[in-house]
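*Asks:* Let me begin by handing over the structure; questions about it come next.
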Amino acid sequence: MSDRVIPLVDQRIASLVARIPSMPIAATGLLGDALGRPLRDLRISVTDRCNFRCSYCMPKSIFDKDYPYLPHSALLSFEEITRLASRFVDHGVQKIRLTGGEPLLRKNLEILIEQLAALRTTEGRPLDITLTTNGSLLERKATALKAAGLQRVTVSLDGLDDAVFRAMNDVDFPVADVLNGIEAARAAGLGPIKINMVVKRGTNEHEILPMARHFKGTGIVLRFIEYMDVGATNGWRMDEVMPSAEVVAKIHAELPLVQLDPSSPGETAERWGYADGSGEIGVISSVTQAFCRDCNRARLSTEGKLYLCLFASQGHDLRHLLRNGTSDADLGSAIAAIWQGRDDRYSELRASMPPDASTGGRRVEMSYIGG
């Protein structure tokens with residue numbers, strides 16, 4: 001068997017220069033990109049570390065004990081993150097999602113949540129502050145997170161069968177501990193809770209119905225995500241993708257579903273309600289049914305690079321501006337100029353590409369900028 005070769009390119013180092021435009025760009029709360037898409041959602045990665053080694057995200061063969069994670073000095077401080085977030089809010093951001101890696105590994109994360117919870121939208125409303133976690137630390141942290149100002153959590157859970165779950169996280173972590181974390185989040189008032197299940201054909205598709213039955217009627221929204229071609233380390237193959245249409249059909253055959261309207265513009269999940277009114281599921285079809293035309297999300301990496309697409313190969317370095325005396329006005333103008341030039345729509349273009357087509361560079365790893 002030949003050894004697997006991973007290109008020696010570190011997307012955390014490769015970056016585009018964030019420039020201050022010669023003419024200031026006023027913050028009006030109505031910033032559009034090159035395709036007219038507004039800026040509404042900011043996803044902030046607070047760490048590139050995770051305590052799981054899921055094969056579709058951080059495979060152990062690559063992210064081993066010798067993997068060079070970012071040094072602490074490279075990470076944005078909480079004050080730097082909040083300063084940047086405030087500039088994004090000036091341009092229309094209404095929702096902030098904290099991601100990783102595993103965000104609950106970031107020490108004293110509650111302090112950052114308190115700072116972000118103090119921000120207000122251009123209309124004077126509190127931001128929607130949420131967090132995506134693998135749930136491993138949620139039981140012990142849920143109460144403190146809620147007290148700090150976190151509103152909701154999304155928990156990644158790829159199956160209820162303990163053997164399947166331990167195999168997928170590849171660190172032998174028990175599913176019972178994640179379920180306890182979900183209950184702790186519910187008790188703390190972190191809701192509505194969402195559960196994300198990545199469906200990988202040949203690995204965990206037999207867990208679809210058990211997951212649906214378990215969360216039906218609980219008020220928790222279960223969402224099924226197509227296995228995505230993010231980064232270069234997960235060995236993605238199209239034949240391992242189970243289309244969302246198959247997932248919906250599989251559930252509908254036993255638990256009848258009716259399609260629901262989107263809850264907000266730019267929503268990634270297609271919503272389906274149980275016909276008996278006992279809740280809903282969602283499907284995220286980023287491979288088979290692109291939703292680029294409504295994408296209103298920006299992503300900020302843990303060391304301050306702005307990514308305009310989950311499938312991007314390079315980010316724009318904002319940390320350089322932060323640490324070189326740039327004023328808030330100039331920082332806001334730089335962010336606006338980057339967003340105004342955004343024309344990313346990888347998922348829409350993927351379908352027209354030949355299987356071996358190059359997209360202009362190795363895509364950034366999802367564990368680095370979050371989902």
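A note on labels: chains of the structure tokens are A, B, ... as shown, every chain counts residues from 1, and ligands are counted from 1 in their shown order.
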Excluding region 329-338 of chain A and any residue of its chain fewer than 2 positions from it, enumerate the residues within 6 Å of it, using only C-alpha atoms, and give them as an mmCIF file with C-alpha atoms, in the first residue's frame.

*Replies:*
```cif
data_model
loop_
_atom_site.group_PDB
_atom_site.id
_atom_site.type_symbol
_atom_site.label_atom_id
_atom_site.label_comp_id
_atom_site.auth_asym_id
_atom_site.auth_seq_id
_atom_site.Cartn_x
_atom_site.Cartn_y
_atom_site.Cartn_z
ATOM 1 C CA ARG A 19 -5.764 46.788 2.750
ATOM 2 C CA ILE A 20 -7.313 50.028 3.901
ATOM 3 C CA PRO A 24 -13.330 55.421 3.550
ATOM 4 C CA ILE A 25 -16.371 53.142 3.419
ATOM 5 C CA ARG A 87 -16.719 46.425 13.220
ATOM 6 C CA SER A 327 -8.169 53.019 13.748
ATOM 7 C CA GLN A 340 -17.696 44.178 -1.347
ATOM 8 C CA GLY A 341 -15.273 42.235 -3.553
#
```

*Asks:* If you run DSSP over the backbone, which residues in region 219-369 of chain A end up strand (DSSP E)? Put them as a PyMOL selection string.

*Replies:* chain A and resi 221-226+257-259+270-274+280-284+297-300+305-307+315-317

*Asks:* Run DSSP on the backbone and give me the residues of region 64-98 of chain A it puts in alpha helix (DSSP H), as an MDAnalysis selection string.

*Replies:* chainID A and resid 78:90

*Asks:* Please produce a file of those selected residues containing all heavy atoms, as a compact mmCIF listing (two decimals), in the first residue's frame.

*Replies:*
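And here's selection23.txt as it stands now:
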```txt
# COMPACT_ATOMS: atom_id res chain seq x y z
N PHE A 78 -9.23 38.02 23.44
CA PHE A 78 -10.67 38.26 23.51
C PHE A 78 -11.00 39.72 23.16
O PHE A 78 -12.00 40.00 22.51
CB PHE A 78 -11.20 37.93 24.90
CG PHE A 78 -11.19 36.45 25.22
CD1 PHE A 78 -11.25 36.03 26.53
CD2 PHE A 78 -11.10 35.50 24.21
CE1 PHE A 78 -11.26 34.67 26.84
CE2 PHE A 78 -11.08 34.14 24.50
CZ PHE A 78 -11.16 33.72 25.83
N GLU A 79 -10.14 40.64 23.60
CA GLU A 79 -10.35 42.05 23.29
C GLU A 79 -10.22 42.31 21.80
O GLU A 79 -11.00 43.09 21.23
CB GLU A 79 -9.37 42.91 24.08
CG GLU A 79 -9.62 42.96 25.58
CD GLU A 79 -9.26 41.66 26.29
OE1 GLU A 79 -8.42 40.89 25.75
OE2 GLU A 79 -9.82 41.40 27.37
N GLU A 80 -9.27 41.64 21.14
CA GLU A 80 -9.12 41.80 19.69
C GLU A 80 -10.31 41.22 18.95
O GLU A 80 -10.80 41.81 17.97
CB GLU A 80 -7.81 41.14 19.24
CG GLU A 80 -6.56 41.90 19.66
CD GLU A 80 -5.28 41.15 19.34
OE1 GLU A 80 -5.29 39.89 19.41
OE2 GLU A 80 -4.27 41.80 19.03
N ILE A 81 -10.78 40.05 19.39
CA ILE A 81 -11.95 39.45 18.76
C ILE A 81 -13.15 40.37 18.89
O ILE A 81 -13.89 40.61 17.92
CB ILE A 81 -12.26 38.08 19.39
CG1 ILE A 81 -11.17 37.06 19.04
CG2 ILE A 81 -13.63 37.57 18.93
CD1 ILE A 81 -11.32 35.73 19.76
N THR A 82 -13.36 40.92 20.08
CA THR A 82 -14.51 41.79 20.31
C THR A 82 -14.41 43.07 19.49
O THR A 82 -15.42 43.54 18.94
CB THR A 82 -14.63 42.13 21.80
OG1 THR A 82 -14.74 40.91 22.55
CG2 THR A 82 -15.85 42.99 22.07
N ARG A 83 -13.21 43.60 19.37
CA ARG A 83 -13.03 44.82 18.56
C ARG A 83 -13.38 44.54 17.10
O ARG A 83 -14.08 45.33 16.44
CB ARG A 83 -11.60 45.33 18.68
CG ARG A 83 -11.39 46.67 17.98
CD ARG A 83 -9.96 47.12 18.05
NE ARG A 83 -9.78 48.31 17.22
CZ ARG A 83 -8.61 48.67 16.68
NH1 ARG A 83 -7.52 47.95 16.89
NH2 ARG A 83 -8.54 49.73 15.92
N LEU A 84 -12.90 43.43 16.57
CA LEU A 84 -13.23 43.07 15.19
C LEU A 84 -14.73 42.80 15.04
O LEU A 84 -15.36 43.26 14.09
CB LEU A 84 -12.45 41.83 14.76
CG LEU A 84 -11.02 42.03 14.26
CD1 LEU A 84 -10.38 40.69 13.96
CD2 LEU A 84 -11.00 42.92 13.03
N ALA A 85 -15.29 42.05 15.99
CA ALA A 85 -16.72 41.74 15.92
C ALA A 85 -17.55 43.01 15.88
O ALA A 85 -18.55 43.10 15.15
CB ALA A 85 -17.12 40.88 17.11
N SER A 86 -17.15 44.02 16.64
CA SER A 86 -17.88 45.28 16.66
C SER A 86 -17.89 45.95 15.29
O SER A 86 -18.89 46.54 14.87
CB SER A 86 -17.27 46.21 17.71
OG SER A 86 -18.01 47.41 17.81
N ARG A 87 -16.77 45.84 14.57
CA ARG A 87 -16.72 46.43 13.22
C ARG A 87 -17.65 45.66 12.27
O ARG A 87 -18.29 46.24 11.41
CB ARG A 87 -15.28 46.39 12.68
CG ARG A 87 -14.22 47.01 13.59
CD ARG A 87 -14.29 48.53 13.61
NE ARG A 87 -15.39 49.06 14.38
CZ ARG A 87 -15.43 49.08 15.74
NH1 ARG A 87 -14.45 48.56 16.44
NH2 ARG A 87 -16.45 49.62 16.37
N PHE A 88 -17.70 44.34 12.41
CA PHE A 88 -18.62 43.56 11.59
C PHE A 88 -20.07 43.91 11.90
O PHE A 88 -20.91 44.00 11.00
CB PHE A 88 -18.38 42.06 11.81
CG PHE A 88 -17.20 41.50 11.05
CD1 PHE A 88 -15.95 41.42 11.64
CD2 PHE A 88 -17.35 41.07 9.75
CE1 PHE A 88 -14.87 40.91 10.95
CE2 PHE A 88 -16.27 40.55 9.03
CZ PHE A 88 -15.02 40.47 9.64
N VAL A 89 -20.37 44.11 13.17
CA VAL A 89 -21.73 44.48 13.56
C VAL A 89 -22.11 45.83 12.95
O VAL A 89 -23.25 46.03 12.51
CB VAL A 89 -21.84 44.51 15.10
CG1 VAL A 89 -23.17 45.13 15.54
CG2 VAL A 89 -21.72 43.09 15.67
N ASP A 90 -21.15 46.75 12.88
CA ASP A 90 -21.41 48.05 12.25
C ASP A 90 -21.86 47.88 10.80
O ASP A 90 -22.62 48.71 10.27
CB ASP A 90 -20.14 48.92 12.26
CG ASP A 90 -19.77 49.40 13.65
OD1 ASP A 90 -20.64 49.35 14.55
OD2 ASP A 90 -18.61 49.81 13.85
```

*Asks:* Would you mind listing, for every residue of region 61-146 of chain A within 7 Å of region 303-309 of chain A, the two atoms forming the shortest contact and the distance between them in Å to one decimal, using only C-alpha atoms, sorted by chain and ascending residue number, as CSV?

*Replies:*
```
residue,atom,partner,partner_atom,distance
A:Ala74,CA,A:Glu303,CA,5.6
A:Leu75,CA,A:Glu303,CA,4.3
A:Leu76,CA,A:Glu303,CA,5.1
```

*Asks:* May I have the residues from that selection written out with C-alpha atoms, as an mmCIF file, in the first residue's frame?

*Replies:*
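part.cif, written as the output of this step:
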```
data_model
loop_
_atom_site.group_PDB
_atom_site.id
_atom_site.type_symbol
_atom_site.label_atom_id
_atom_site.label_comp_id
_atom_site.auth_asym_id
_atom_site.auth_seq_id
_atom_site.Cartn_x
_atom_site.Cartn_y
_atom_site.Cartn_z
ATOM 1 C CA ALA A 74 -0.684 33.997 17.335
ATOM 2 C CA LEU A 75 -4.262 33.773 18.604
ATOM 3 C CA LEU A 76 -6.452 36.832 18.768
#
```

*Asks:* Would you pick out the contacts of region 262-273 of chain A at 6 Å or less, using only C-alpha atoms, so that residues sharing its chain but fewer than 4 positions from it are not included, and give the list as a ChimeraX atom specification?

*Replies:* /A:257-258,279-284,294-295

*Asks:* Next, the residues of the selection above should be written as a PDB file, in the first residue's frame with C-alpha atoms.

*Replies:*
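In the end it all went to part.pdb:
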```pdb
ATOM      1  CA  LEU A 257     -42.752  14.706   7.114  1.00  0.00           C
ATOM      2  CA  VAL A 258     -44.082  17.926   5.610  1.00  0.00           C
ATOM      3  CA  GLY A 279     -41.100  18.821  15.987  1.00  0.00           C
ATOM      4  CA  GLU A 280     -38.861  19.196  12.961  1.00  0.00           C
ATOM      5  CA  ILE A 281     -35.623  18.161  11.314  1.00  0.00           C
ATOM      6  CA  GLY A 282     -33.334  20.001   8.933  1.00  0.00           C
ATOM      7  CA  VAL A 283     -31.105  18.902   6.059  1.00  0.00           C
ATOM      8  CA  ILE A 284     -28.022  20.797   4.923  1.00  0.00           C
ATOM      9  CA  ASP A 294     -28.179  33.422  -0.230  1.00  0.00           C
ATOM     10  CA  CYS A 295     -24.946  32.976   1.737  1.00  0.00           C
TER      11      CYS A 295
END
```

*Asks:* Using only C-alpha atoms, which of the listed residues (A:Ser73, A:Asn196, A:Gln314, A:Thr288) sits closest to Glu246 (chain A)?

*Replies:*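 For Glu246 (chain A), the nearest of the candidates is A:Thr288.
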
*Asks:* Looking at A:Lys60, A:Arg53, A:His316, A:Arg299, which one is nearest to Val93 (chain A), with distances taken over only C-alpha atoms?

*Replies:* A:Arg299

*Asks:* Give me the region 91-128 of chain A side of the contact with region 34-52 of chain A, cut-off 7 Å, one line per residue showing its nearest atom pair and distance in Å at one decimal, counting only C-alpha atoms, sorted by chain and residue number, as a tab-separated table.

*Replies:*
```
residue	atom	partner	partner_atom	distance
A:His91	CA	A:Leu39	CA	6.9
A:Gly92	CA	A:Arg40	CA	5.5
A:Val93	CA	A:Arg40	CA	3.9
A:Gln94	CA	A:Arg40	CA	5.4
A:Lys95	CA	A:Asp41	CA	5.0
A:Ile96	CA	A:Leu42	CA	4.9
A:Arg97	CA	A:Arg43	CA	4.7
A:Leu98	CA	A:Ile44	CA	5.0
A:Thr99	CA	A:Ser45	CA	4.5
A:Gly100	CA	A:Ser45	CA	4.6
A:Gly101	CA	A:Asp48	CA	4.6
A:Glu102	CA	A:Cys50	CA	4.7
A:Pro103	CA	A:Val46	CA	5.8
A:Arg106	CA	A:Thr47	CA	6.3
```

*Asks:* I need the chosen residues saved as an mmCIF file, in the first residue's frame, with C-alpha atoms.

*Replies:*
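Result written to result_1.cif:
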```
data_model
loop_
_atom_site.group_PDB
_atom_site.id
_atom_site.type_symbol
_atom_site.label_atom_id
_atom_site.label_comp_id
_atom_site.auth_asym_id
_atom_site.auth_seq_id
_atom_site.Cartn_x
_atom_site.Cartn_y
_atom_site.Cartn_z
ATOM 1 C CA HIS A 91 -21.738 46.563 8.746
ATOM 2 C CA GLY A 92 -24.877 44.562 9.520
ATOM 3 C CA VAL A 93 -23.895 41.377 11.367
ATOM 4 C CA GLN A 94 -26.738 40.205 13.604
ATOM 5 C CA LYS A 95 -25.546 36.752 14.615
ATOM 6 C CA ILE A 96 -22.213 35.503 15.954
ATOM 7 C CA ARG A 97 -21.401 31.802 16.197
ATOM 8 C CA LEU A 98 -18.327 30.677 18.164
ATOM 9 C CA THR A 99 -16.598 27.664 16.647
ATOM 10 C CA GLY A 100 -13.269 25.842 16.585
ATOM 11 C CA GLY A 101 -11.777 23.260 16.665
ATOM 12 C CA GLU A 102 -13.633 22.691 19.876
ATOM 13 C CA PRO A 103 -14.415 26.170 21.256
ATOM 14 C CA ARG A 106 -10.432 27.912 24.876
#
```

*Asks:* Using only C-alpha atoms, which residues sit within 10 Å of Ser285 (chain A) once same-chain residues fewer than 2 positions away are excluded, as a list in words?

*Replies:*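 So, after excluding close chain neighbours, the residues are Phe224, Ile225, Glu226, Tyr227, Met228, Met242, Pro243, Ser244, Ala245, Thr268, Ala269, Glu270, Gly282, Val283, Val287, Thr288, Gln289, Ala290, Phe291 and Ser347 of chain A.
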
*Asks:* Which of these residues is nearest to His320 (chain A), using only C-alpha atoms: A:Ala142, A:Val17, A:Leu179, A:Ala27?

*Replies:*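 Going through A:Ala142, A:Val17, A:Leu179, A:Ala27 one by one, the smallest distance to His320 (chain A) is for A:Val17.
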
*Asks:* Would you list the contacts of Glu139 (chain A) as a ChimeraX atom specification, taking every protein, DNA or RNA residue within 7 Å and counting only C-alpha atoms, but skipping same-chain residues closer than 2 positions in sequence?

*Replies:* /A:137,141-142,180-181,184

*Asks:* Could you take the residues named above and write them with C-alpha atoms, as a tab-separated table (two decimals), in the first residue's frame?

*Replies:*
```
chain	number	residue	atom	x	y	z
A	137	LEU	CA	-17.30	19.60	27.96
A	141	LYS	CA	-19.81	24.43	31.35
A	142	ALA	CA	-23.45	24.92	30.32
A	180	ASN	CA	-25.55	14.40	29.38
A	181	GLY	CA	-24.10	17.64	28.01
A	184	ALA	CA	-27.26	20.15	30.90
```

*Asks:* Which of these residues is nearest to Met211 (chain A), using only C-alpha atoms: A:Ile111, A:Leu157, A:Ala187, A:Leu145?

*Replies:*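 Among A:Ile111, A:Leu157, A:Ala187, A:Leu145, it is A:Leu157 that comes nearest to Met211 (chain A).
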
*Asks:* As an exercise, work out the distance from CA of Asp261 (chain A) to CA of Ile208 (chain A) in Å and give it to one decimal place.

*Replies:*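 Between CA of Asp261 (chain A) and CA of Ile208 (chain A) the gap works out to 22.6 Å.
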
*Asks:* List as a PyMOL selection string the protein and nucleic acid residues near Gln151 (chain A), meaning an atom at most 12 Å away when only C-alpha atoms are counted, but skip any in the same chain fewer than 5 places from it.

*Replies:* chain A and resi 95-98+113-114+116-117+126-132+142-146+185-186+188-193
